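Below: the structure, in structure tokens.
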Amino acid sequence: MRTNWQHWNGLISKEECEGIAETCYNEGVFTEGTVFSNQTYEPNSEIRNTRIGWITNPKITELVEYYLLAANRSAFGFNVDYTPAVQFGEYTEGSFYTWHHDIDWNGDSMYDRKLSIVVQLSDENDYEGGDFEFKYIENPPNFRKQGSILVFPSYNMHRVSEVTRGKRLSLVCWMEGPRWR
């Protein structure tokens with residue numbers, strides 16, 4: 001059965017989420033969040049205002065790949081075979097990411113992002129705002145719950161609303177495959 005998304009609510013424990021965040025802070029290479037523009041990735045604070053770190057920790061990559069593949073098997077059936085580095089996101093007061101999709105439809109690559117994953121690491125009471133939302137499809141229930149995992153086709157428009165208090169931490173990654181046809 002094809003769906004708009006696969007959602008596991010509160011699957012990862014608070015302790016595991018905190019351990020993942022600590023690993024990301026210790027091992028990540030942090031930069032200002034970028035967006036795709038003119039064939040390169042560049043910062044653009046009008047579209048995205050957040051800090052990100054690229055994570056290559058095998059345990060974190062394995063966790064992300066497991067749920068990407070599980071969702072693909074049960075709901076999507078896309079031709080995918082590659083997972084890049086995992087992105088750790090830190091959204092603090094004033095941080096946001098406007099409406100976007102995760103595919104560069106005009107790129108020259110022979111591969112496209114096909115599945116996107118978001119892992120919610122923060123306790124939902126530790127921040128206000130910072131909601132993950134879809135533009136044209138229904139939103140998963142209670143995705144703010146710490147330890148929740150969401151997998152969806154990368155072509156779906158989505159955003160993270162502005163954080164007005166506290167800090168929202170998440171993992172984001174993609175599974176890629178040959179160009180969409």
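Here, A, B, ... name the chains of the structure tokens in the order displayed, residue numbers run from 1 inside each chain, and ligands are numbered from 1 in the same displayed order.
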(message) So that I can check the surroundings of region 161-173 of chain A, please list as a ChimeraX atom specification every protein, DNA and RNA residue that reaches within 7 Å of it, counting only C-alpha atoms and ignoring chain neighbours fewer than 2 positions away.
(response) /A:86-97,116-122,126-132,159
(request) Extract, using only C-alpha atoms, all DNA, RNA and protein residues at most 9 Å from Pro153 (chain A), discarding same-chain residues fewer than 4 positions from it, and format them as a PyMOL selection string. (result) chain A and resi 4-5+76+102+113-117
Write a file of the just-selected residues containing N, CA and C atoms, as a PDB file, in the first residue's frame.
```
ATOM      1  N   ASN A   4       1.622   8.516   1.815  1.00  0.00           N
ATOM      2  CA  ASN A   4       2.373   9.763   1.689  1.00  0.00           C
ATOM      3  C   ASN A   4       3.609   9.780   2.569  1.00  0.00           C
ATOM      4  N   TRP A   5       3.607   8.986   3.635  1.00  0.00           N
ATOM      5  CA  TRP A   5       4.728   8.929   4.562  1.00  0.00           C
ATOM      6  C   TRP A   5       4.607   7.701   5.446  1.00  0.00           C
ATOM      7  N   PHE A  76       6.797   2.327  -0.323  1.00  0.00           N
ATOM      8  CA  PHE A  76       7.140   3.104  -1.506  1.00  0.00           C
ATOM      9  C   PHE A  76       7.662   2.279  -2.675  1.00  0.00           C
ATOM     10  N   ASP A 102      13.245  18.150  -1.428  1.00  0.00           N
ATOM     11  CA  ASP A 102      14.637  17.722  -1.285  1.00  0.00           C
ATOM     12  C   ASP A 102      15.265  17.241  -2.593  1.00  0.00           C
ATOM     13  N   ARG A 113      17.505  12.363  -5.058  1.00  0.00           N
ATOM     14  CA  ARG A 113      17.010  11.998  -3.741  1.00  0.00           C
ATOM     15  C   ARG A 113      15.587  11.478  -3.956  1.00  0.00           C
ATOM     16  N   LYS A 114      15.284  10.346  -3.363  1.00  0.00           N
ATOM     17  CA  LYS A 114      13.956   9.763  -3.535  1.00  0.00           C
ATOM     18  C   LYS A 114      13.192   9.635  -2.223  1.00  0.00           C
ATOM     19  N   LEU A 115      13.896   9.324  -1.150  1.00  0.00           N
ATOM     20  CA  LEU A 115      13.270   9.240   0.167  1.00  0.00           C
ATOM     21  C   LEU A 115      14.001  10.159   1.127  1.00  0.00           C
ATOM     22  N   SER A 116      13.243  10.841   1.968  1.00  0.00           N
ATOM     23  CA  SER A 116      13.804  11.706   3.007  1.00  0.00           C
ATOM     24  C   SER A 116      13.400  11.147   4.358  1.00  0.00           C
ATOM     25  N   ILE A 117      14.274  11.330   5.345  1.00  0.00           N
ATOM     26  CA  ILE A 117      13.988  10.892   6.709  1.00  0.00           C
ATOM     27  C   ILE A 117      14.284  12.034   7.667  1.00  0.00           C
TER      28      ILE A 117
END
```
(message) Which residues are close to Gly177 (chain A), i.e. within 9 Å by only C-alpha atoms, leaving aside same-chain residues fewer than 5 positions away? Reply as a ChimeraX atom specification.
(response) /A:78-82,110-114
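Taking CA of Trp99 (chain A) and CA of Glu124 (chain A) as the two end points, the separation is 21.6 Å.
Reported to one decimal place, the separation of CA of Ile12 (chain A) from CA of Thr83 (chain A) is 20.7 Å.
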(request) Would you mind listing what lies within 12 Å of Pro141 (chain A) as a PyMOL selection string, with only C-alpha atoms counted and same-chain residues fewer than 6 positions away left out? (result) chain A and resi 5-10+131-134+148-150
